[in-house]
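Written below as structure tokens is the structure these notes are about.
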2 protein chains.
Amino acid sequence: MPAINAARLLADLDHLRSIGAVETGVVRPALSDKDMEARRWLQQRFEDAGLDTTIDGVGNVLGRSPKPGPVLLIGSHSDTQPRGGWLDGALGVIYGLEIARALAEDPDTAELAVDVVSWQDEEGTYMSCLGSRSWCGTLDPEVEKTAASKEGVSVAEAIEAAGLTGVPRLTIEPNRYLGYLEAHIEQGAYLEQAGEHIGVVTAIVGIQAMRFRFHGEQNHAGTTTMARRKDASAALYELAHRINQEFPSVANDRTVWTMGRARIEPGAPSIVPGYAELDLQFRDRDEAILERFRDIATAIAQDIAGRGKVKVDVDPARAPVHPSLMDEGFQEHIAAAAEAAVPGKWQRMPSAAGHDPMIISHKLPCAMLFIPSIGGISHDFAEDSDREDIVIGCRVLADAAASILRERRNA
Amino acid sequence: MPAINAARLLADLDHLRSIGAVETGVVRPALSDKDMEARRWLQQRFEDAGLDTTIDGVGNVLGRSPKPGPVLLIGSHSDTQPRGGWLDGALGVIYGLEIARALAEDPDTAELAVDVVSWQDEEGTYMSCLGSRSWCGTLDPEVEKTAASKEGVSVAEAIEAAGLTGVPRLTIEPNRYLGYLEAHIEQGAYLEQAGEHIGVVTAIVGIQAMRFRFHGEQNHAGTTTMARRKDASAALYELAHRINQEFPSVANDRTVWTMGRARIEPGAPSIVPGYAELDLQFRDRDEAILERFRDIATAIAQDIAGRGKVKVDVDPARAPVHPSLMDEGFQEHIAAAAEAAVPGKWQRMPSAAGHDPMIISHKLPCAMLFIPSIGGISHDFAEDSDREDIVIGCRVLADAAASILRERRNA
């Protein structure tokens with residue numbers, strides 16, 4: 001197992017945390033001054049590690065190993081949520097850097113080639129996974145033109161403000177890479193509750209979302225009899241509750257669904273609502289479950305609309321995200337490294353949140369490793385992980401990376 | 001039957017409509033310039049009809065008959081909703097004026113005494129039924145101090161702007177009056193659907209309202225399993241749908257309930273809601289039904305809270321309005337007059353909307369008469385009634401008023 005330098009790893013994470021630090025969290029949204037400051041600092045650290053490092057036209061930071069291939073790409077993203085935690089993204093980038101350094105320092109692994117990357121805007125300040133989409137060549141220029149922040153700033157404007165206008169964009173060299181590895185905090189509490197230290201990610205779950213629009217008739221809440229009403233809110237409440245009743249029969253114990261947004265109009269206690277909207281989102285690693293959910297929700301909506309009182313429009317609320325399967329061979333290497341480091345204290349698990357490998361896995365074999373999140377908290381200043389777990393995760397990923405690279409060399 | 005002057009009745013309604021006219025509707029909220037202009041015009045018309053007329057310190061317009069009693073008080077309100085119809089309130093005030101004139105002009109009824117009134121702010125721009133509460137002596141000065149418009153203007157400020165500061169307020173002379181009669185548009189569609197011309201109001205329904213506050217735990221919609229969730233929205237959807245399922249078994253065919261306001265927080269498709277609020281309002285003329293509704297809704301909320309996931313607070317959302325029963329003797333007089341004018345084309349019915357007799361019936365016997373609303377529309381510029389129905393209603397109320405006054409004279 002290559003000897004990673006725990007003190008150096010933690011010091012780099014602490015330094016990255018200081019750029020954009022607010023209270024215990026970090027405010028470093030994509031292409032902001034603090035984001036670019038962090039990327040320039042990463043560029044210098046990658047160079048110090050002997051990597052030829054470029055910040056490309058969307059802000060991706062890529063450190064290329066000068067060694068002959070095959071090469072493993074390791075990294076994550078250094079942009080944050082508007083009020084983000086210190087480890088989300090940062091952890092995986094610094095792991096990549098530390099693994100590149102640790103392998104280079106150990107004579108047994110010095111010949112192994114690791115590139116390190118920090119993708120741009122995984123968090124979607126402008127467009128989720130902007131950097132990895134651009135690198136993979138799957139970013140539609142027309143879609144990029146319409147992407148904007150909540151404040152209405154376009155990608156082009158943000159790139160100009162970041163001083164990147166005219167800077168070339170890097171694109172994937174498929175023949176260079178064996179694949180891509182990313183470590184991340186779990187953002188859930190499975191590992192913590194199980195008392196385990198490592199999650200070997202099997203897949204990133206697929207996500208579908210539906211929006212239901214209920215068209216009824218607005219009326220006086222005193223003088224309109226129940227029989228004459230076309231109450232959009234009653235239809236919404238029925239659909240939502242029946243979904244919560246019927247989905248469990250199809251779900252597995254990791255399937256999730258959420259109806260976190262509902263609008264009732266005009267929204268006054270004394271007015272029978274004429275219009276309502278409900279958003280339904282559901283996630284699973286099994287596409288078949290997602291399809292059955294969509295069918296069930298649509299059938300309930302049709303049943304309600306079929307009574308002839310309230311018209312119900314059903315539309316996708318976002319482009320579906322299909323489940324992304326992680327490479328099985330890579331999973332075996334990570335699992336073996338985890339078993340060596342923390343015997344019996346690891347598990348295979350899906351990722352319920354989205355990550356850049358959703359994009360990259362269409363181009364390269366990918367794998368992910370999770371470390372525990374304290375209290376399962378993420379996308380919040382309170383996000384944290386035990387430093388011991390941070391070090392264990394880096395050791396395991398370094399071991400797995402060396403093992404993958406050696407296997408290919410020996411093949 | 002006293003001969004009312006249909007042309008004069010309709011001309012006065014048209015003139016009153018012209019004060020604050022906007023499109024087909026009227027904008028004449030309480031104590032506004034247009035409201036006061038209308039009240040000064042009414043004062044002159046009441047004087048022209050031989051009534052000693054006062055605008056009091058809250059803007060009530062009272063025209064007193066100089067004839068010896070007993071006296072019937074007839075009227076309604078001339079203030080409007082922010083975007084009101086031309087008949088809501090105005091109809092009952094001009095009926096009172098026309099009945100006073102018609103009785104005085106007919107030698108057979110000239111000795112009968114009718115006072116005419118336009119109450120202030122029935123619509124609640126500052127406080128619903130402000131004028132009749134003041135007149136009845138049931139307006140708590142402390143409550144009046146805290147009343148304000150949506151824009152934050154206090155009653156005292158509005159009274160000052162209307163030039164009424166220091167003007168004395170009229171109060172009820174209980175020994176003067178046999179009772180109070182008010183005509184109004186139905187604001188519903190029962191009469192229209194039945195092809196009938198007159199509604200004899202049996203009661204003004206009681207209103208109760210409850211607010212449910214759901215306290216759950218906000219979480220990530222991807223990484224929080226269904227088993228670990230404390231989803232405030234799921235609890236809201238269940239309560240609302242179960243109320244809609246269980247209330248019909250207790251309701252009669254005129255009972256109504258509405259959940260027109262729901263808040264889900266933070267209201268994002270990808271966040272498990274940590275907090276939600278639901279308003280429930282219900283109305284019936286039978287207090288026992290209202291109490292059973294309150295018990296059922298409370299029991300469902302306790303059932304949901306009893307699962308230990310989401311805490312549910314249950315509070316009254318407003319002071320309950322108890323059902324107000326109309327005087328049975330007066331109802332008989334109106335029913336007899338209706339049967340004479342439009343045989344078989346009238347019905348007894350509750351009022352599902354609130355009116356000043358809710359306040360006045362605690363001090364004087366009250367009765368109300370409804371005429372049909374086209375399409376059941378009210379509180380809208382589109383509110384309207386057939387002019388034939390307007391004339392029929394006035395004839396019936398005049399006949400009933402004469403009949404009530406004669407009966408008492410002869411007693």
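So you can find residues: chains in the structure tokens are A, B, ... in the order shown, residues in each start at 1, and ligands are numbered from 1 in order.
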Pull the closest atom pair for each residue of chain B that gets at most 8 Å from chain A, along with the distance in Å to one decimal, counting only C-alpha atoms, ordering rows by chain and then ascending residue number, as a tab-separated table.
```
residue	atom	partner	partner_atom	distance
B:Gln187	CA	A:Thr223	CA	6.3
B:Gly188	CA	A:Thr223	CA	4.9
B:Ala189	CA	A:Thr224	CA	7.8
B:His220	CA	A:Ser378	CA	7.9
B:Ala221	CA	A:Thr258	CA	6.3
B:Gly222	CA	A:Ala352	CA	4.7
B:Thr223	CA	A:Gly188	CA	4.9
B:Thr224	CA	A:Gly188	CA	6.3
B:Thr225	CA	A:Arg254	CA	6.0
B:Met226	CA	A:Val256	CA	6.0
B:Ser233	CA	A:Gly260	CA	6.8
B:Ala234	CA	A:His241	CA	7.0
B:Tyr237	CA	A:Tyr237	CA	5.0
B:Glu238	CA	A:His241	CA	5.3
B:Ala240	CA	A:Tyr237	CA	6.1
B:His241	CA	A:Glu238	CA	5.3
B:Asn244	CA	A:Ala234	CA	7.4
B:Asp253	CA	A:Thr225	CA	7.5
B:Arg254	CA	A:Thr225	CA	6.1
B:Thr255	CA	A:Thr225	CA	7.3
B:Val256	CA	A:Met226	CA	6.0
B:Trp257	CA	A:Ala221	CA	7.3
B:Thr258	CA	A:Ala221	CA	6.3
B:Met259	CA	A:Pro269	CA	6.3
B:Gly260	CA	A:Pro269	CA	4.7
B:Arg261	CA	A:Gly267	CA	4.4
B:Ala262	CA	A:Ile264	CA	6.6
B:Arg263	CA	A:Ala262	CA	7.6
B:Ile264	CA	A:Arg261	CA	6.5
B:Glu265	CA	A:Gly260	CA	7.7
B:Pro266	CA	A:Gly260	CA	7.7
B:Gly267	CA	A:Arg261	CA	4.4
B:Ala268	CA	A:Arg261	CA	5.2
B:Pro269	CA	A:Gly260	CA	4.7
B:Ser270	CA	A:Gly260	CA	6.6
B:Ile271	CA	A:Gly260	CA	5.9
B:Val272	CA	A:Gly260	CA	5.8
B:Pro273	CA	A:Gly260	CA	5.6
B:Asp279	CA	A:Pro269	CA	6.1
B:Leu280	CA	A:Pro269	CA	7.0
B:Gln281	CA	A:Pro269	CA	6.6
B:Arg283	CA	A:Gly222	CA	6.8
B:Ser351	CA	A:Thr223	CA	7.8
B:Ala352	CA	A:Gly222	CA	4.8
B:Ala353	CA	A:Gly222	CA	5.5
B:Ser378	CA	A:His220	CA	7.9
```
Leaving out Ala147 in chain A and any residue of its chain fewer than 2 positions from it, which residues lie within 6 Å of it when counting only C-alpha atoms, given as a PyMOL selection string? chain A and resi 126+144-145
Using only C-alpha atoms for the distances, tell me which of A:Asp35, A:Asp295, A:Asp384, A:Asp79 is nearest to Asp121 in chain A. A:Asp79
Could I get the residues of range 151-255 of chain A with an atom no further than 10 Å from an atom of range 395-405 of chain A, each paired with its nearest atom pair and that distance in Å to one decimal, using only C-alpha atoms, sorted by chain and residue number, as CSV?
```
residue,atom,partner,partner_atom,distance
A:Leu178,CA,A:Leu405,CA,8.0
A:Gly179,CA,A:Ile404,CA,9.6
A:Tyr180,CA,A:Ala401,CA,9.7
A:Leu181,CA,A:Ala401,CA,8.0
A:Glu182,CA,A:Leu397,CA,8.7
A:Ala183,CA,A:Leu397,CA,7.6
A:Ile198,CA,A:Val396,CA,8.4
```
Those same residues, written as a short mmCIF file (atom, residue, chain, number, x, y, z; two decimals), in the first residue's frame with C-alpha atoms?
```cif
data_model
loop_
_atom_site.label_atom_id
_atom_site.label_comp_id
_atom_site.auth_asym_id
_atom_site.auth_seq_id
_atom_site.Cartn_x
_atom_site.Cartn_y
_atom_site.Cartn_z
CA LEU A 178 -7.83 3.65 -17.97
CA GLY A 179 -10.64 5.40 -16.22
CA TYR A 180 -11.69 7.91 -13.60
CA LEU A 181 -11.85 7.59 -9.81
CA GLU A 182 -13.62 9.99 -7.46
CA ALA A 183 -13.89 10.01 -3.70
CA ILE A 198 -15.77 3.06 3.29
#
```
Range 143-388 of chain B: which residues are strand (DSSP E) by DSSP, as a PyMOL selection string? chain B and resi 177-185+198-204+206-215+219-220+256-265+271-272+275-284+311-316+324-325+346-351+366-371
Residues flagged helix (DSSP H, G or I) by DSSP in range 79-319 of chain A, as a compact mmCIF listing (two decimals) with N, CA and C atoms, in the first residue's frame:
```txt
# COMPACT_ATOMS: atom_id res chain seq x y z
N ALA A 90 -14.02 19.18 -2.53
CA ALA A 90 -12.62 19.41 -2.14
C ALA A 90 -11.91 18.10 -1.77
N LEU A 91 -12.60 17.24 -1.02
CA LEU A 91 -12.02 15.98 -0.57
C LEU A 91 -11.45 15.18 -1.75
N GLY A 92 -12.26 15.01 -2.80
CA GLY A 92 -11.84 14.18 -3.91
C GLY A 92 -10.70 14.78 -4.72
N VAL A 93 -10.65 16.11 -4.79
CA VAL A 93 -9.56 16.78 -5.51
C VAL A 93 -8.24 16.58 -4.76
N ILE A 94 -8.27 16.83 -3.45
CA ILE A 94 -7.03 16.72 -2.67
C ILE A 94 -6.59 15.25 -2.55
N TYR A 95 -7.53 14.33 -2.51
CA TYR A 95 -7.17 12.89 -2.59
C TYR A 95 -6.37 12.63 -3.86
N GLY A 96 -6.86 13.14 -4.99
CA GLY A 96 -6.16 12.92 -6.25
C GLY A 96 -4.73 13.45 -6.18
N LEU A 97 -4.62 14.69 -5.65
CA LEU A 97 -3.30 15.31 -5.52
C LEU A 97 -2.40 14.47 -4.62
N GLU A 98 -2.92 14.06 -3.45
CA GLU A 98 -2.10 13.32 -2.49
C GLU A 98 -1.72 11.95 -3.05
N ILE A 99 -2.62 11.32 -3.78
CA ILE A 99 -2.32 10.00 -4.35
C ILE A 99 -1.23 10.13 -5.42
N ALA A 100 -1.32 11.19 -6.25
CA ALA A 100 -0.27 11.41 -7.26
C ALA A 100 1.09 11.59 -6.57
N ARG A 101 1.10 12.37 -5.49
CA ARG A 101 2.35 12.60 -4.76
C ARG A 101 2.85 11.32 -4.09
N ALA A 102 1.95 10.61 -3.43
CA ALA A 102 2.34 9.43 -2.67
C ALA A 102 2.89 8.34 -3.59
N LEU A 103 2.22 8.14 -4.73
CA LEU A 103 2.72 7.14 -5.67
C LEU A 103 4.09 7.52 -6.20
N ALA A 104 4.28 8.83 -6.47
CA ALA A 104 5.56 9.27 -7.03
C ALA A 104 6.69 9.12 -6.02
N GLU A 105 6.36 9.26 -4.74
CA GLU A 105 7.40 9.21 -3.70
C GLU A 105 7.83 7.79 -3.35
N LEU A 130 -20.92 21.32 -15.48
CA LEU A 130 -20.47 22.10 -16.65
C LEU A 130 -19.09 21.66 -17.12
N GLY A 131 -18.15 21.54 -16.18
CA GLY A 131 -16.77 21.22 -16.55
C GLY A 131 -16.60 19.83 -17.13
N SER A 132 -17.21 18.84 -16.49
CA SER A 132 -17.04 17.47 -17.01
C SER A 132 -17.80 17.29 -18.32
N ARG A 133 -18.94 17.96 -18.45
CA ARG A 133 -19.67 17.91 -19.73
C ARG A 133 -18.80 18.49 -20.85
N SER A 134 -18.18 19.64 -20.57
CA SER A 134 -17.33 20.29 -21.58
C SER A 134 -16.18 19.37 -21.95
N TRP A 135 -15.54 18.77 -20.94
CA TRP A 135 -14.37 17.91 -21.17
C TRP A 135 -14.76 16.65 -21.96
N CYS A 136 -15.94 16.13 -21.66
CA CYS A 136 -16.40 14.91 -22.34
C CYS A 136 -16.92 15.20 -23.76
N PRO A 141 -23.57 23.45 -27.26
CA PRO A 141 -23.33 24.90 -27.18
C PRO A 141 -24.62 25.71 -27.04
N GLU A 142 -25.71 25.20 -27.64
CA GLU A 142 -26.98 25.93 -27.52
C GLU A 142 -27.52 25.88 -26.10
N VAL A 143 -27.35 24.71 -25.47
CA VAL A 143 -27.78 24.58 -24.08
C VAL A 143 -26.92 25.46 -23.18
N GLU A 144 -25.61 25.48 -23.46
CA GLU A 144 -24.72 26.32 -22.65
C GLU A 144 -25.13 27.79 -22.73
N LYS A 145 -25.55 28.21 -23.93
CA LYS A 145 -25.93 29.63 -24.11
C LYS A 145 -27.12 30.02 -23.23
N THR A 146 -28.02 29.06 -22.98
CA THR A 146 -29.23 29.40 -22.21
C THR A 146 -29.03 29.21 -20.71
N VAL A 155 -23.33 31.84 -18.52
CA VAL A 155 -22.03 31.17 -18.44
C VAL A 155 -20.96 32.05 -19.08
N ALA A 156 -21.29 32.60 -20.24
CA ALA A 156 -20.30 33.43 -20.95
C ALA A 156 -19.89 34.64 -20.11
N GLU A 157 -20.86 35.26 -19.47
CA GLU A 157 -20.54 36.42 -18.62
C GLU A 157 -19.68 36.02 -17.43
N ALA A 158 -20.00 34.86 -16.85
CA ALA A 158 -19.23 34.40 -15.69
C ALA A 158 -17.80 34.04 -16.11
N ILE A 159 -17.67 33.42 -17.29
CA ILE A 159 -16.34 33.06 -17.80
C ILE A 159 -15.52 34.32 -18.07
N GLU A 160 -16.18 35.35 -18.59
CA GLU A 160 -15.47 36.60 -18.85
C GLU A 160 -15.01 37.23 -17.53
N ALA A 161 -15.92 37.23 -16.55
CA ALA A 161 -15.58 37.83 -15.25
C ALA A 161 -14.43 37.08 -14.59
N PRO A 174 -9.34 9.93 -24.97
CA PRO A 174 -9.84 8.63 -24.49
C PRO A 174 -8.74 7.58 -24.42
N ASN A 175 -7.78 7.66 -25.30
CA ASN A 175 -6.75 6.61 -25.32
C ASN A 175 -5.76 6.75 -24.18
N ARG A 176 -5.78 7.92 -23.54
CA ARG A 176 -4.83 8.17 -22.46
C ARG A 176 -5.25 7.48 -21.17
N TYR A 190 -25.78 6.19 6.01
CA TYR A 190 -25.69 4.73 6.02
C TYR A 190 -24.41 4.25 6.68
N LEU A 191 -23.25 4.81 6.26
CA LEU A 191 -21.97 4.33 6.79
C LEU A 191 -21.88 4.61 8.29
N GLU A 192 -22.25 5.83 8.67
CA GLU A 192 -22.19 6.19 10.09
C GLU A 192 -23.05 5.24 10.92
N GLN A 193 -24.28 4.98 10.45
CA GLN A 193 -25.18 4.14 11.23
C GLN A 193 -24.68 2.70 11.30
N ALA A 194 -23.96 2.27 10.25
CA ALA A 194 -23.43 0.90 10.24
C ALA A 194 -22.08 0.82 10.95
N ALA A 232 -58.92 22.58 -7.31
CA ALA A 232 -57.59 22.12 -7.72
C ALA A 232 -56.79 21.60 -6.54
N SER A 233 -56.99 22.17 -5.35
CA SER A 233 -56.19 21.73 -4.19
C SER A 233 -56.59 20.33 -3.76
N ALA A 234 -57.89 20.02 -3.79
CA ALA A 234 -58.33 18.67 -3.37
C ALA A 234 -57.71 17.61 -4.28
N ALA A 235 -57.62 17.93 -5.58
CA ALA A 235 -57.00 16.99 -6.51
C ALA A 235 -55.52 16.80 -6.20
N LEU A 236 -54.85 17.90 -5.87
CA LEU A 236 -53.42 17.82 -5.51
C LEU A 236 -53.22 16.97 -4.26
N TYR A 237 -54.02 17.25 -3.22
CA TYR A 237 -53.84 16.50 -1.97
C TYR A 237 -54.07 15.00 -2.21
N GLU A 238 -55.07 14.68 -3.01
CA GLU A 238 -55.37 13.27 -3.28
C GLU A 238 -54.21 12.61 -4.03
N LEU A 239 -53.74 13.26 -5.10
CA LEU A 239 -52.64 12.68 -5.87
C LEU A 239 -51.42 12.43 -4.98
N ALA A 240 -51.07 13.45 -4.20
CA ALA A 240 -49.86 13.35 -3.38
C ALA A 240 -49.99 12.22 -2.36
N HIS A 241 -51.15 12.15 -1.69
CA HIS A 241 -51.29 11.13 -0.65
C HIS A 241 -51.36 9.73 -1.26
N ARG A 242 -52.03 9.60 -2.40
CA ARG A 242 -52.09 8.27 -3.03
C ARG A 242 -50.72 7.82 -3.53
N ILE A 243 -49.91 8.75 -4.03
CA ILE A 243 -48.53 8.40 -4.40
C ILE A 243 -47.79 7.86 -3.17
N ASN A 244 -47.92 8.55 -2.05
CA ASN A 244 -47.24 8.08 -0.83
C ASN A 244 -47.77 6.73 -0.35
N GLN A 245 -49.01 6.43 -0.70
CA GLN A 245 -49.56 5.13 -0.32
C GLN A 245 -49.14 4.01 -1.27
N GLU A 246 -49.04 4.33 -2.56
CA GLU A 246 -48.83 3.27 -3.56
C GLU A 246 -47.36 3.01 -3.90
N PHE A 247 -46.49 4.00 -3.79
CA PHE A 247 -45.09 3.80 -4.18
C PHE A 247 -44.38 2.72 -3.34
N PRO A 248 -44.64 2.63 -2.02
CA PRO A 248 -43.86 1.65 -1.24
C PRO A 248 -43.95 0.23 -1.76
N SER A 249 -45.04 -0.15 -2.41
CA SER A 249 -45.17 -1.53 -2.88
C SER A 249 -44.20 -1.83 -4.03
N GLU A 287 -33.62 1.41 -13.16
CA GLU A 287 -34.46 2.17 -14.10
C GLU A 287 -35.90 1.62 -14.13
N ALA A 288 -36.06 0.31 -13.91
CA ALA A 288 -37.39 -0.29 -13.97
C ALA A 288 -38.30 0.26 -12.87
N ILE A 289 -37.73 0.51 -11.69
CA ILE A 289 -38.53 1.10 -10.61
C ILE A 289 -38.94 2.51 -10.98
N LEU A 290 -38.02 3.26 -11.56
CA LEU A 290 -38.35 4.64 -11.96
C LEU A 290 -39.50 4.64 -12.97
N GLU A 291 -39.46 3.68 -13.89
CA GLU A 291 -40.53 3.63 -14.90
C GLU A 291 -41.87 3.24 -14.28
N ARG A 292 -41.84 2.33 -13.31
CA ARG A 292 -43.10 1.95 -12.66
C ARG A 292 -43.66 3.12 -11.85
N PHE A 293 -42.78 3.86 -11.19
CA PHE A 293 -43.23 5.06 -10.46
C PHE A 293 -43.93 6.04 -11.41
N ARG A 294 -43.29 6.26 -12.56
CA ARG A 294 -43.86 7.21 -13.51
C ARG A 294 -45.24 6.73 -13.95
N ASP A 295 -45.36 5.45 -14.18
CA ASP A 295 -46.64 4.89 -14.63
C ASP A 295 -47.71 5.01 -13.53
N ILE A 296 -47.33 4.70 -12.29
CA ILE A 296 -48.30 4.77 -11.20
C ILE A 296 -48.79 6.20 -11.01
N ALA A 297 -47.85 7.15 -10.97
CA ALA A 297 -48.24 8.56 -10.74
C ALA A 297 -49.13 9.05 -11.88
N THR A 298 -48.79 8.66 -13.10
CA THR A 298 -49.60 9.08 -14.25
C THR A 298 -51.00 8.47 -14.16
N ALA A 299 -51.08 7.21 -13.75
CA ALA A 299 -52.39 6.55 -13.66
C ALA A 299 -53.27 7.19 -12.59
N ILE A 300 -52.69 7.55 -11.46
CA ILE A 300 -53.49 8.22 -10.41
C ILE A 300 -53.99 9.57 -10.94
N ALA A 301 -53.10 10.30 -11.60
CA ALA A 301 -53.50 11.61 -12.15
C ALA A 301 -54.64 11.45 -13.15
N GLN A 302 -54.55 10.41 -13.97
CA GLN A 302 -55.62 10.18 -14.95
C GLN A 302 -56.92 9.79 -14.27
N ASP A 303 -56.80 9.00 -13.20
CA ASP A 303 -57.99 8.61 -12.45
C ASP A 303 -58.70 9.84 -11.89
N ILE A 304 -57.93 10.75 -11.31
CA ILE A 304 -58.51 11.97 -10.73
C ILE A 304 -59.12 12.84 -11.84
N ALA A 305 -58.36 13.01 -12.92
CA ALA A 305 -58.87 13.84 -14.02
C ALA A 305 -60.10 13.22 -14.66
```
Please list as a list in words every residue within 10 Å of Ser65 in chain B, counting only C-alpha atoms and excluding residues in the same chain fewer than 2 positions away. Phe46, Glu47, Ala49, Gly50, Leu51, Asp52, Thr53, Leu62, Gly63, Lys67, Pro68, Gly69, Val71, Leu72, Leu73, Ala100, Leu112, Ala113, Val114, Asp115 and Val116 of chain B
What's around Arg83 in chain B at 12 Å? Count only C-alpha atoms, leave out sequence neighbours fewer than 2 positions away in its own chain, and write the answer as JSON, numbers by chain. {"B": [20, 21, 22, 23, 24, 25, 26, 27, 28, 29, 79, 80, 81, 85, 86, 88, 123, 125, 378, 379, 380, 381, 382, 383]}
Neighbour list for Leu369 in chain A as a ChimeraX atom specification, cut-off 6 Å, only C-alpha atoms, skip fewer than 5 positions in-chain: /A:183,199-201
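Distances from A:Glu328, A:Asp14, A:Ile334, A:Val61 to Thr202 in chain A were compared using only C-alpha atoms, and the smallest one belongs to A:Glu328.
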A straight line from CA of Ala11 in chain B to CA of Pro66 in chain B spans 25.4 Å
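Considering the residues A:Ile4, A:Ile19, A:Leu13, A:Ala162 and counting only C-alpha atoms, Asp106 in chain A has its shortest atom-to-atom contact with A:Ile4.
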